[in-house]
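Raw coords-v4.cif, mmCIF, C-alpha atoms and all ligand atoms:
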data_data
#
loop_
_atom_site.label_atom_id
_atom_site.label_comp_id
_atom_site.auth_asym_id
_atom_site.auth_seq_id
_atom_site.Cartn_x
_atom_site.Cartn_y
_atom_site.Cartn_z
CA MET O 9 203.76 40.97 47.34
CA PRO O 10 204.55 43.68 44.69
CA THR O 11 205.61 42.38 41.28
CA GLU O 12 208.06 43.75 38.72
CA PHE O 13 205.22 45.29 36.68
CA ASP O 14 203.78 47.09 39.72
CA GLU O 15 206.94 49.23 39.58
CA TYR O 16 206.51 49.88 35.85
CA SER O 17 202.83 50.78 36.16
CA ALA O 18 203.66 53.22 38.96
CA GLU O 19 206.22 54.91 36.67
CA GLY O 20 203.79 54.95 33.71
CA TYR O 21 203.91 51.77 31.59
CA SER O 22 203.24 53.35 28.18
CA LYS O 23 205.82 56.09 28.85
CA LEU O 24 208.43 53.41 29.63
CA LEU O 25 207.62 51.70 26.33
CA GLU O 26 208.52 54.82 24.34
CA ASP O 27 211.62 54.37 22.21
CA PRO O 28 212.55 56.18 18.99
CA ILE O 29 213.54 52.94 17.21
CA ARG O 30 210.29 51.20 18.23
CA GLY O 31 208.35 54.37 17.31
CA ARG O 32 209.94 54.51 13.85
CA PHE O 33 208.89 50.90 13.26
CA ALA O 34 205.21 51.36 14.18
CA ARG O 35 202.62 52.94 16.48
CA SER O 36 201.72 50.91 19.60
CA ASP O 37 198.21 50.30 18.24
CA PHE O 38 199.65 48.78 15.05
CA PHE O 39 201.41 46.07 17.10
CA PHE O 40 198.08 45.23 18.82
CA GLU O 41 196.07 45.36 15.57
CA ARG O 42 198.43 42.90 13.86
CA LYS O 43 198.14 40.46 16.76
CA LEU O 44 194.34 40.60 16.68
CA VAL O 45 194.25 39.95 12.93
CA LEU O 46 196.54 36.94 13.36
CA MET O 47 194.56 35.53 16.32
CA ARG O 48 191.24 35.88 14.49
CA GLU O 49 192.64 34.36 11.31
CA ILE O 50 193.98 31.27 13.09
CA CYS O 51 190.78 30.79 15.11
CA GLU O 52 188.70 30.86 11.91
CA ARG O 53 191.15 28.56 10.12
CA TYR O 54 190.75 25.94 12.87
CA GLY O 55 186.97 26.11 12.82
CA MET O 56 186.23 28.66 15.56
CA LYS O 57 183.86 31.51 14.80
CA THR O 58 185.28 34.27 17.00
CA GLU O 59 181.84 35.72 17.74
CA SER O 60 181.12 32.52 19.71
CA VAL O 61 184.57 32.27 21.33
CA THR O 62 185.32 32.86 25.03
CA TRP O 63 188.82 34.38 25.31
CA LEU O 64 191.14 34.63 28.30
CA ASP O 65 194.23 36.85 28.03
CA VAL O 66 196.83 35.70 30.59
CA GLY O 67 199.25 38.48 31.54
CA CYS O 68 196.77 40.98 30.12
CA GLY O 69 198.63 43.96 31.62
CA GLU O 70 196.60 47.15 31.23
CA GLY O 71 194.04 45.27 29.11
CA THR O 72 194.76 47.14 25.86
CA LEU O 73 194.42 44.09 23.61
CA LEU O 74 191.23 42.96 25.38
CA LYS O 75 189.69 46.42 24.97
CA MET O 76 190.60 46.55 21.28
CA GLY O 77 189.55 42.96 20.58
CA ARG O 78 186.46 42.36 22.70
CA ARG O 79 183.99 43.41 19.98
CA TYR O 80 185.05 40.38 17.90
CA PHE O 81 184.54 37.76 20.67
CA ARG O 82 181.56 36.46 22.65
CA ASP O 83 183.15 36.95 26.03
CA VAL O 84 186.57 38.16 27.15
CA ALA O 85 188.49 37.96 30.44
CA GLY O 86 191.99 38.59 31.68
CA CYS O 87 194.36 37.86 34.55
CA ASP O 88 197.76 39.09 35.58
CA VAL O 89 200.10 38.89 38.57
CA SER O 90 200.41 42.69 38.76
CA ALA O 91 197.76 44.63 40.68
CA GLY O 92 199.25 47.87 39.33
CA MET O 93 198.77 46.83 35.70
CA ILE O 94 195.22 45.54 36.06
CA GLN O 95 193.99 48.66 37.80
CA HIS O 96 193.79 50.09 34.25
CA CYS O 97 191.44 47.29 33.12
CA ASP O 98 188.25 49.15 34.04
CA GLY O 99 185.11 47.59 32.59
CA LEU O 100 186.82 44.24 31.93
CA ASN O 101 186.42 40.91 33.73
CA VAL O 102 190.00 40.74 35.01
CA LEU O 103 191.34 38.91 38.08
CA GLN O 104 194.66 39.21 39.84
CA GLN O 105 196.72 36.03 40.10
CA ASP O 106 198.04 35.17 43.57
CA SER O 107 200.85 33.22 41.98
CA PRO O 108 202.77 33.29 38.67
CA ARG O 109 201.94 29.56 38.40
CA GLN O 110 198.19 29.69 38.99
CA ILE O 111 195.26 31.03 36.99
CA PRO O 112 192.14 32.08 38.95
CA PHE O 113 189.56 30.55 36.60
CA LYS O 114 187.80 27.17 36.53
CA ASP O 115 188.85 24.12 34.50
CA GLY O 116 187.71 24.11 30.86
CA SER O 117 186.36 27.68 30.86
CA PHE O 118 187.80 29.14 27.62
CA ASP O 119 187.93 28.42 23.88
CA LEU O 120 191.00 30.62 23.42
CA VAL O 121 193.78 31.51 25.86
CA THR O 122 196.48 34.00 24.84
CA ALA O 123 199.75 35.03 26.47
CA ILE O 124 201.01 38.07 24.62
CA CYS O 125 204.60 39.17 25.33
CA VAL O 126 204.29 37.49 28.74
CA TYR O 127 206.53 34.41 28.75
CA HIS O 128 209.80 36.35 28.48
CA HIS O 129 208.84 37.95 31.81
CA VAL O 130 207.96 34.63 33.48
CA ASP O 131 210.74 33.04 35.54
CA ILE O 132 212.16 30.11 33.60
CA ASP O 133 211.27 27.79 36.54
CA ASP O 134 207.60 28.92 36.44
CA ARG O 135 206.99 28.55 32.69
CA ALA O 136 206.01 24.85 32.64
CA ALA O 137 203.59 25.24 35.57
CA LEU O 138 201.97 28.30 33.98
CA THR O 139 201.54 26.39 30.70
CA SER O 140 199.88 23.47 32.52
CA GLU O 141 197.50 25.94 34.15
CA ILE O 142 196.65 27.38 30.74
CA SER O 143 195.90 23.89 29.49
CA ARG O 144 193.67 23.31 32.54
CA VAL O 145 191.48 26.38 31.89
CA LEU O 146 191.15 25.63 28.16
CA LYS O 147 188.17 23.66 26.90
CA SER O 148 188.85 20.48 24.97
CA LYS O 149 189.97 21.50 21.43
CA GLY O 150 190.56 25.03 22.73
CA ILE O 151 193.40 27.08 21.23
CA PHE O 152 196.42 28.43 23.09
CA CYS O 153 198.27 31.33 21.44
CA VAL O 154 201.66 32.62 22.56
CA ILE O 155 203.04 35.75 20.91
CA GLU O 156 206.63 36.72 21.65
CA HIS O 157 209.51 38.88 20.45
CA ASN O 158 211.65 36.83 18.10
CA PRO O 159 215.19 36.41 19.46
CA LEU O 160 216.38 35.64 15.89
CA ASN O 161 215.42 39.16 14.70
CA PRO O 162 218.22 41.71 15.33
CA VAL O 163 215.86 44.73 15.50
CA ALA O 164 213.62 42.96 18.03
CA ARG O 165 216.70 42.11 20.11
CA LEU O 166 217.91 45.74 19.94
CA ILE O 167 214.53 47.15 21.03
CA VAL O 168 214.34 44.66 23.91
CA ARG O 169 217.91 45.52 24.99
CA ARG O 170 217.05 49.25 25.11
CA SER O 171 213.75 48.85 26.98
CA PRO O 172 213.73 49.36 30.78
CA ILE O 173 210.69 47.08 30.91
CA ASP O 174 212.73 44.21 29.47
CA SER O 175 215.79 44.65 31.68
CA ARG O 176 215.03 41.39 33.52
CA ALA O 177 213.48 39.57 30.54
CA HIS O 178 214.68 36.30 28.99
CA LEU O 179 213.56 35.97 25.38
CA LEU O 180 212.51 32.52 24.24
CA SER O 181 212.45 30.94 20.81
CA ALA O 182 209.36 29.56 19.12
CA ARG O 183 210.91 26.11 19.52
CA LYS O 184 210.95 26.54 23.32
CA VAL O 185 207.30 27.63 23.30
CA ARG O 186 206.35 24.56 21.26
CA ARG O 187 208.21 22.34 23.73
CA LEU O 188 206.36 23.91 26.68
CA ALA O 189 203.01 23.39 24.98
CA ARG O 190 203.73 19.75 24.13
CA SER O 191 204.81 19.10 27.73
CA ALA O 192 201.40 20.43 28.81
CA ARG O 193 199.72 17.93 26.44
CA MET O 194 198.85 20.38 23.71
CA GLU O 195 199.35 19.79 20.00
CA VAL O 196 201.17 22.47 18.00
CA LEU O 197 199.01 23.69 15.11
CA VAL O 198 201.13 26.36 13.46
CA THR O 199 203.89 28.93 14.04
CA ARG O 200 203.61 32.29 12.27
CA TYR O 201 206.28 34.99 12.02
CA PHE O 202 205.17 38.60 11.43
CA LEU O 203 206.34 42.25 11.74
CA PHE O 204 208.90 41.93 8.95
CA PHE O 205 208.26 45.46 7.66
CA PRO O 206 207.63 48.79 9.45
CA GLU O 207 204.07 50.08 9.54
CA ARG O 208 204.69 52.71 6.84
CA PHE O 209 205.48 49.98 4.27
CA TYR O 210 202.93 47.48 5.51
CA SER O 211 200.01 48.48 3.26
CA LYS O 212 202.18 47.70 0.20
CA MET O 213 204.00 44.73 1.75
CA ALA O 214 201.13 42.81 3.40
CA GLY O 215 201.24 40.13 0.67
CA ALA O 216 204.98 39.70 1.11
CA GLU O 217 204.56 39.41 4.90
CA ALA O 218 202.00 36.66 4.42
CA LYS O 219 204.39 34.76 2.13
CA LEU O 220 207.22 35.15 4.67
CA SER O 221 205.19 33.93 7.64
CA ALA O 222 207.08 30.62 7.88
CA VAL O 223 210.49 32.31 7.74
CA PRO O 224 211.80 32.59 11.31
CA LEU O 225 212.98 36.20 10.99
CA GLY O 226 209.94 38.40 11.68
CA GLY O 227 210.09 40.76 14.66
CA GLN O 228 207.56 38.64 16.54
CA TYR O 229 206.09 35.16 16.25
CA GLY O 230 202.86 33.48 17.24
CA VAL O 231 202.72 29.82 18.23
CA PHE O 232 199.22 28.33 18.13
CA CYS O 233 198.44 25.05 19.91
CA GLN O 234 195.36 22.97 20.61
CA LYS O 235 194.32 21.08 23.71
CA ALA O 236 193.60 17.44 22.97
C1 LIG J 301 205.07 43.16 28.66
S1 LIG J 301 203.63 43.05 29.63
C2 LIG J 301 202.46 42.59 28.39
C3 LIG J 301 201.07 42.96 28.76
C4 LIG J 301 200.02 42.65 27.70
N1 LIG J 301 199.95 41.24 27.42
C5 LIG J 301 200.30 43.44 26.45
O1 LIG J 301 200.61 42.83 25.41
O2 LIG J 301 200.19 44.66 26.50
C6 LIG J 301 203.85 41.51 30.49
C7 LIG J 301 202.75 41.24 31.50
O3 LIG J 301 202.88 39.88 31.95
C8 LIG J 301 202.58 39.85 33.32
N2 LIG J 301 203.12 38.62 33.89
C9 LIG J 301 204.42 38.31 34.15
N3 LIG J 301 204.51 37.05 34.65
C10 LIG J 301 203.24 36.57 34.68
C11 LIG J 301 202.67 35.31 35.07
N4 LIG J 301 203.43 34.30 35.53
N5 LIG J 301 201.34 35.15 34.97
C12 LIG J 301 200.57 36.17 34.49
N6 LIG J 301 201.04 37.37 34.13
C13 LIG J 301 202.37 37.56 34.21
C14 LIG J 301 203.17 41.14 33.87
O4 LIG J 301 202.65 41.48 35.13
C15 LIG J 301 202.81 42.11 32.75
O5 LIG J 301 201.57 42.73 32.96
#
Just give me the structure as structure tokens.
Ligand SMILES: C[S@@+](CC[C@H](N)C(=O)[O-])C[C@H]1O[C@@H](n2cnc3c(N)ncnc32)[C@H](O)[C@@H]1O
Amino acid sequence: MPTEFDEYSAEGYSKLLEDPIRGRFARSDFFFERKLVLMREICERYGMKTESVTWLDVGCGEGTLLKMGRRYFRDVAGCDVSAGMIQHCDGLNVLQQDSPRQIPFKDGSFDLVTAICVYHHVDIDDRAALTSEISRVLKSKGIFCVIEHNPLNPVARLIVRRSPIDSRAHLLSARKVRRLARSARMEVLVTRYFLFFPERFYSKMAGAEAKLSAVPLGGQYGVFCQKA
């Protein structure tokens, strides 16, 4: 059964992402680089050396983050409901999901599971089941990381409103993500807000961004949880 993102991949996913407002904020790679820095920092802070970490990216899309990040991790894998998106994941261990509620990997397989800009595309009725599946494939003490557009940031909301890819999306707050994780028996470790400043100011403003990371106004947020 074709999924929403099969349509987007057929039209050219990265072309559909192009937007002058988004482009003025940062290059696409900058968004991915910032996520990787955050993920690695939180893993290290909670005692995981990333070079020994097995990482699953759920909703990996075309696998861009996995390709950029795999050199830091021991082993990486991905899964996604869209056959069209994962056909770009050449050279990666990526499986197609038969269902938006099921993950095609064994129990307790991964130290880190990420879902990056995925949940706002998941039907509201499927979100709890997907989160339970994520908990199932995590090892004990494994970390779950959700990164999402922040609905409290007006620029993020504007970019989402203008994007054809987000026409059917439902943004969710960090609070909702934390609730989903707790319902799947995970403990919330930390929530971090980032993307306060455009890329061109970032080199001078990195310190300020770090200080603002608890202020719920950054363009995106990361919620990090741990399986009991
Ligand atoms: C906006 S794209 C993000 C792709 C990638 N994570 C990235 O950051 O480039 C959202 C992806 O989530 C996938 N997706 C939507 N619902 C899903 C679900 N229930 N399980 C797994 N993937 C899902 C879509 O097929 C799509 O590839």
Show me which residues are within 7 Å of ligand LIG 301 (chain J) counting only C-alpha atoms and all ligand atoms, and format the list as a count of residues only. 28
Place a sphere of radius 12 Å on (204.5, 50.7, 29.7) in the file coordinates and name every protein, DNA or RNA residue with an atom inside or on its surface, counting only C-alpha atoms; give the answer as a list in words. Glu12, Phe13, Asp14, Glu15, Tyr16, Ser17, Ala18, Glu19, Gly20, Tyr21, Ser22, Lys23, Leu24, Leu25, Glu26, Asp27, Ser36, Gly69, Glu70, Gly71, Thr72, Gly92, Met93, His96, Ser171, Pro172, Ile173 and Asp174 of chain O
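Summary of the local environment: counting all atoms listed in the file, residues at most 8 Å from Ser143 in chain O, other than itself and those fewer than 6 positions away along its chain, are Phe152, Ala192, Arg193, Met194 and Lys235 of chain O.
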Who sits within 8 Å of range 213-228 of chain O, only C-alpha atoms, same chain under 2 positions skipped, as a list in words: Ile155, Glu156, His157, Asn158, Leu160, Asn161, Val163, Ala164, Thr199, Arg200, Tyr201, Phe202, Leu203, Phe204, Phe205, Phe209, Tyr210, Ser211 and Gly230 of chain O
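When only C-alpha atoms are used to compute distances to Gln104 in chain O, the closest of the residues O:Gly86, O:Val154, O:Arg78, O:His128 turns out to be O:Gly86.
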Show me as a list of chain:residue names the residues that reach within 8 Å of (181.4, 38.0, 18.2), counting only C-alpha atoms and using the file's own coordinates. O:Lys57, O:Thr58, O:Glu59, O:Ser60, O:Val61, O:Arg79, O:Tyr80, O:Phe81, O:Arg82
Who sits within 10 Å of Gln234 in chain O, all atoms listed in the file, same chain under 2 positions skipped, as a list in words: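 Counting all atoms listed in the file, the residues come to Tyr54, Asp119, Leu120, Ser143, Leu146, Lys147, Ser148, Lys149, Gly150, Ile151, Phe152, Cys153, Ala189, Arg190, Arg193, Met194, Glu195, Val196, Leu197, Val198, Phe232 and Ala236 of chain O.
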What is the CA of Gly99 in chain O-CA of Met76 in chain O distance in Å, reported with one decimal?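 CA of Gly99 in chain O sits 12.6 Å away from CA of Met76 in chain O.
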How many Å lie between CA of Phe38 in chain O and CA of Ala91 in chain O, rounded to one decimal?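 Distance reported for this atom pair: 26.0 Å.
Distances from O:Arg176, O:Arg42, O:Arg53, O:Arg30 to Gly77 in chain O were compared using only C-alpha atoms, and the smallest one belongs to O:Arg42.
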Using all atoms listed in the file, which of O:Glu207, O:Ser181, O:Val231, O:Met9 sits nearest Asp106 in chain O?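 Ranked by minimum distance to Asp106 in chain O, first place goes to O:Met9.
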Specify the axis-aligned box that encloses all atoms of range 64-78 of chain O listed in the file after padding of 5 Å on each side, stating its centre and edge lengths in Å to one decimal as JSON.
{"center_x": 192.9, "center_y": 40.9, "center_z": 26.1, "size_x": 22.8, "size_y": 22.5, "size_z": 21.0}
To one decimal in Å, tell me the separation between CA of Leu179 in chain O and CA of Pro159 in chain O.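 We find that CA of Leu179 in chain O and CA of Pro159 in chain O lie 6.2 Å from each other.
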Fewer than 4 positions away in the same chain doesn't count, so skip those; otherwise give me all residues within 12 Å of Ile29 in chain O, counting only C-alpha atoms, as number ranges by chain. O: 25, 33-35, 163-171, 206
